[in-house]
Amino acid sequence: MMTASWAALTIIALAAVVLFTTLGAVFVIRRVRRPALPISDEIGGISTVVRKLRKGEPMTEEEVEAARRAISDRSSPLAFCIPAGLLSLGCFYVFGSLEHLHGATPSERTFLGVFPMLTATNFIIQLLRSASLKRRLRNKSQPPKPVPQTSQHEP
C-alpha cells in the first residue's frame with residue numbers, strides 16, 4: 001500500500017514539473033520577445049534600479065520605467081512557475097526514490113531532492129520580497145503634490 005502512494009505522488013509531481021516548466025517557458029518567451037530598455041542592457045542595471053527603489057533614492061524617469069517593468073515581471077503569477085517547477089522536480093526525485101526503495105531504509109541519496117526544494121523556496125522568497133516594492137513604486141510614479149503658498153496680507 002505504501003509503495004502505491006509513493007508512486008501516485010511521483011506521478012503527480014511529474015505532472016506538476018511538466019505543467020510548471022511549460023508555463024515558465026511561456027513566461028520567459030514573453031519576456032525575451034519584449035523590447036529591452038537601454039538601462040537593462042547595462043551590467044547590473046536592473047539590480048541598481050531596484051536597490052535605488054528599495055532605499056528610496058531619487059530616480060530618473062528611465063529608471064522608474066525599468067523598475068516598474070522589473071517589479072511587474074517579478075510579481076507576475078507566471079514568474080512563480082519557475083520556482084514551482086524546481087520544487088516539483090525535487091518532490092519528483094524524493095518520491096521516486098522512496099517508491100523505488102519499496103519500503104527499504106532510505107539513504108542520504110534519497111533526499112538529494114531537498115536541495116532543489118530549498119533553492120525554490122529561496123527563489124520564491126526573493127520574488128515576494130521584490131513584489132513588495134510595488135507600493136514604493138506607486139509613490140515614485142506619482143508627481144509630487146504642490147505646496148500651497150500662503151499669502152501675506154497686511155491688515
# chains A, B, ... in the order shown; residues from 1 in each chain; ligands from 1
$ residues_around --residues "Leu112 (chain A)" --least-positions-apart "2" --cutoff "12 Å" --atoms "only C-alpha atoms" --output "ChimeraX atom specification"
/A:89-98,106-110,114-118
$ select_by_dssp --residues "chain A" --states "alpha helix (DSSP H)" --output "VMD selection string"
chain A and resid 2 to 33 45 to 55 61 to 74 81 to 101 114 to 131 134 to 141
$ closest_residue --among "A:Ala25, A:Ala16, A:Ala84, A:Leu133" --to "Thr121 (chain A)" --atoms "only C-alpha atoms"
A:Ala84
$ residues_around --residues "Leu37 (chain A)" --least-positions-apart "4" --cutoff "12 Å" --atoms "only C-alpha atoms" --output "PyMOL selection string"
chain A and resi 31-32+41-42+45-46+61-70
$ closest_residue --among "A:Ala120, A:Val50, A:Met59, A:Leu87" --to "Lys134 (chain A)" --atoms "only C-alpha atoms"
A:Val50
$ atom_distance --atom1 "CA of Thr21 (chain A)" --atom2 "CA of Leu86 (chain A)"
8.5 Å
$ decode --residues "region 41-148 of chain A" --atoms "C-alpha atoms" --output "mmCIF file, in the first residue's frame"
data_model
loop_
_atom_site.group_PDB
_atom_site.id
_atom_site.type_symbol
_atom_site.label_atom_id
_atom_site.label_comp_id
_atom_site.auth_asym_id
_atom_site.auth_seq_id
_atom_site.Cartn_x
_atom_site.Cartn_y
_atom_site.Cartn_z
ATOM 1 C CA ASP A 41 21.346 46.280 -21.271
ATOM 2 C CA GLU A 42 23.889 47.554 -18.754
ATOM 3 C CA ILE A 43 25.538 45.047 -16.451
ATOM 4 C CA GLY A 44 23.780 45.275 -13.088
ATOM 5 C CA GLY A 45 21.390 47.953 -14.372
ATOM 6 C CA ILE A 46 18.181 46.410 -13.071
ATOM 7 C CA SER A 47 19.650 45.479 -9.690
ATOM 8 C CA THR A 48 20.908 49.056 -9.303
ATOM 9 C CA VAL A 49 17.464 50.436 -10.110
ATOM 10 C CA VAL A 50 15.741 48.067 -7.679
ATOM 11 C CA ARG A 51 18.294 48.945 -4.983
ATOM 12 C CA LYS A 52 17.592 52.655 -5.530
ATOM 13 C CA LEU A 53 13.869 51.975 -5.243
ATOM 14 C CA ARG A 54 14.345 49.950 -2.062
ATOM 15 C CA LYS A 55 16.446 52.690 -0.436
ATOM 16 C CA GLY A 56 14.155 55.482 -1.604
ATOM 17 C CA GLU A 57 16.849 57.313 -3.570
ATOM 18 C CA PRO A 58 15.897 59.761 -6.342
ATOM 19 C CA MET A 59 15.435 58.135 -9.762
ATOM 20 C CA THR A 60 15.188 59.341 -13.342
ATOM 21 C CA GLU A 61 12.105 58.618 -15.441
ATOM 22 C CA GLU A 62 14.016 55.902 -17.319
ATOM 23 C CA GLU A 63 14.971 54.243 -14.039
ATOM 24 C CA VAL A 64 11.379 54.407 -12.799
ATOM 25 C CA GLU A 65 10.194 52.711 -16.006
ATOM 26 C CA ALA A 66 12.868 50.000 -15.671
ATOM 27 C CA ALA A 67 11.891 49.452 -12.032
ATOM 28 C CA ARG A 68 8.203 49.304 -12.969
ATOM 29 C CA ARG A 69 8.937 46.647 -15.592
ATOM 30 C CA ALA A 70 11.188 44.607 -13.284
ATOM 31 C CA ILE A 71 8.704 44.671 -10.410
ATOM 32 C CA SER A 72 5.796 43.726 -12.675
ATOM 33 C CA ASP A 73 7.836 40.833 -14.087
ATOM 34 C CA ARG A 74 8.792 39.584 -10.653
ATOM 35 C CA SER A 75 5.268 39.833 -9.259
ATOM 36 C CA SER A 76 3.630 38.062 -12.204
ATOM 37 C CA PRO A 77 1.939 34.754 -11.326
ATOM 38 C CA LEU A 78 3.806 33.135 -14.222
ATOM 39 C CA ALA A 79 7.115 34.116 -12.590
ATOM 40 C CA PHE A 80 6.263 31.808 -9.702
ATOM 41 C CA CYS A 81 6.037 28.866 -12.119
ATOM 42 C CA ILE A 82 9.834 28.744 -12.386
ATOM 43 C CA PRO A 83 10.473 28.035 -8.680
ATOM 44 C CA ALA A 84 7.357 25.841 -8.586
ATOM 45 C CA GLY A 85 8.924 23.735 -11.338
ATOM 46 C CA LEU A 86 12.111 23.397 -9.270
ATOM 47 C CA LEU A 87 10.116 22.464 -6.181
ATOM 48 C CA SER A 88 8.147 19.867 -8.151
ATOM 49 C CA LEU A 89 11.368 18.462 -9.585
ATOM 50 C CA GLY A 90 12.748 17.960 -6.071
ATOM 51 C CA CYS A 91 9.499 16.290 -4.993
ATOM 52 C CA PHE A 92 9.636 14.034 -8.047
ATOM 53 C CA TYR A 93 13.165 12.934 -7.150
ATOM 54 C CA VAL A 94 12.388 12.265 -3.483
ATOM 55 C CA PHE A 95 9.072 10.492 -4.125
ATOM 56 C CA GLY A 96 10.552 8.479 -6.991
ATOM 57 C CA SER A 97 13.460 7.372 -4.813
ATOM 58 C CA LEU A 98 11.127 6.361 -1.993
ATOM 59 C CA GLU A 99 8.933 4.438 -4.438
ATOM 60 C CA HIS A 100 12.000 2.685 -5.874
ATOM 61 C CA LEU A 101 13.082 1.511 -2.411
ATOM 62 C CA HIS A 102 9.809 -0.423 -1.828
ATOM 63 C CA GLY A 103 9.879 0.163 1.917
ATOM 64 C CA ALA A 104 13.631 -0.263 2.473
ATOM 65 C CA THR A 105 15.507 2.210 4.656
ATOM 66 C CA PRO A 106 16.188 5.393 2.674
ATOM 67 C CA SER A 107 19.760 6.619 2.335
ATOM 68 C CA GLU A 108 21.165 10.135 2.005
ATOM 69 C CA ARG A 109 20.877 9.837 -1.773
ATOM 70 C CA THR A 110 17.103 9.679 -1.454
ATOM 71 C CA PHE A 111 16.965 13.164 -0.033
ATOM 72 C CA LEU A 112 19.151 14.910 -2.628
ATOM 73 C CA GLY A 113 15.887 16.278 -3.993
ATOM 74 C CA VAL A 114 15.682 18.543 -0.956
ATOM 75 C CA PHE A 115 18.333 20.853 -2.476
ATOM 76 C CA PRO A 116 16.152 21.982 -5.408
ATOM 77 C CA MET A 117 13.300 22.410 -2.931
ATOM 78 C CA LEU A 118 15.413 24.727 -0.762
ATOM 79 C CA THR A 119 16.554 26.620 -3.857
ATOM 80 C CA ALA A 120 12.954 27.059 -4.976
ATOM 81 C CA THR A 121 11.962 28.284 -1.525
ATOM 82 C CA ASN A 122 14.716 30.906 -1.602
ATOM 83 C CA PHE A 123 13.651 31.914 -5.114
ATOM 84 C CA ILE A 124 10.025 32.341 -4.016
ATOM 85 C CA ILE A 125 11.068 34.432 -1.008
ATOM 86 C CA GLN A 126 13.137 36.705 -3.280
ATOM 87 C CA LEU A 127 10.207 37.117 -5.697
ATOM 88 C CA LEU A 128 7.854 38.010 -2.843
ATOM 89 C CA ARG A 129 10.390 40.443 -1.402
ATOM 90 C CA SER A 130 10.758 42.134 -4.767
ATOM 91 C CA ALA A 131 6.994 42.212 -5.318
ATOM 92 C CA SER A 132 6.569 44.054 -2.034
ATOM 93 C CA LEU A 133 8.241 47.079 -3.656
ATOM 94 C CA LYS A 134 5.075 47.823 -5.658
ATOM 95 C CA ARG A 135 3.899 50.346 -3.067
ATOM 96 C CA ARG A 136 7.151 52.279 -3.229
ATOM 97 C CA LEU A 137 6.982 52.244 -7.000
ATOM 98 C CA ARG A 138 3.460 53.685 -6.913
ATOM 99 C CA ASN A 139 4.704 56.506 -4.705
ATOM 100 C CA LYS A 140 7.622 57.177 -7.086
ATOM 101 C CA SER A 141 5.409 57.367 -10.148
ATOM 102 C CA GLN A 142 3.043 59.940 -8.666
ATOM 103 C CA PRO A 143 4.131 63.537 -9.201
ATOM 104 C CA PRO A 144 4.869 65.471 -6.022
ATOM 105 C CA LYS A 145 1.946 67.478 -4.709
ATOM 106 C CA PRO A 146 2.410 71.241 -4.967
ATOM 107 C CA VAL A 147 2.757 73.034 -1.680
ATOM 108 C CA PRO A 148 0.091 75.711 -1.291
#
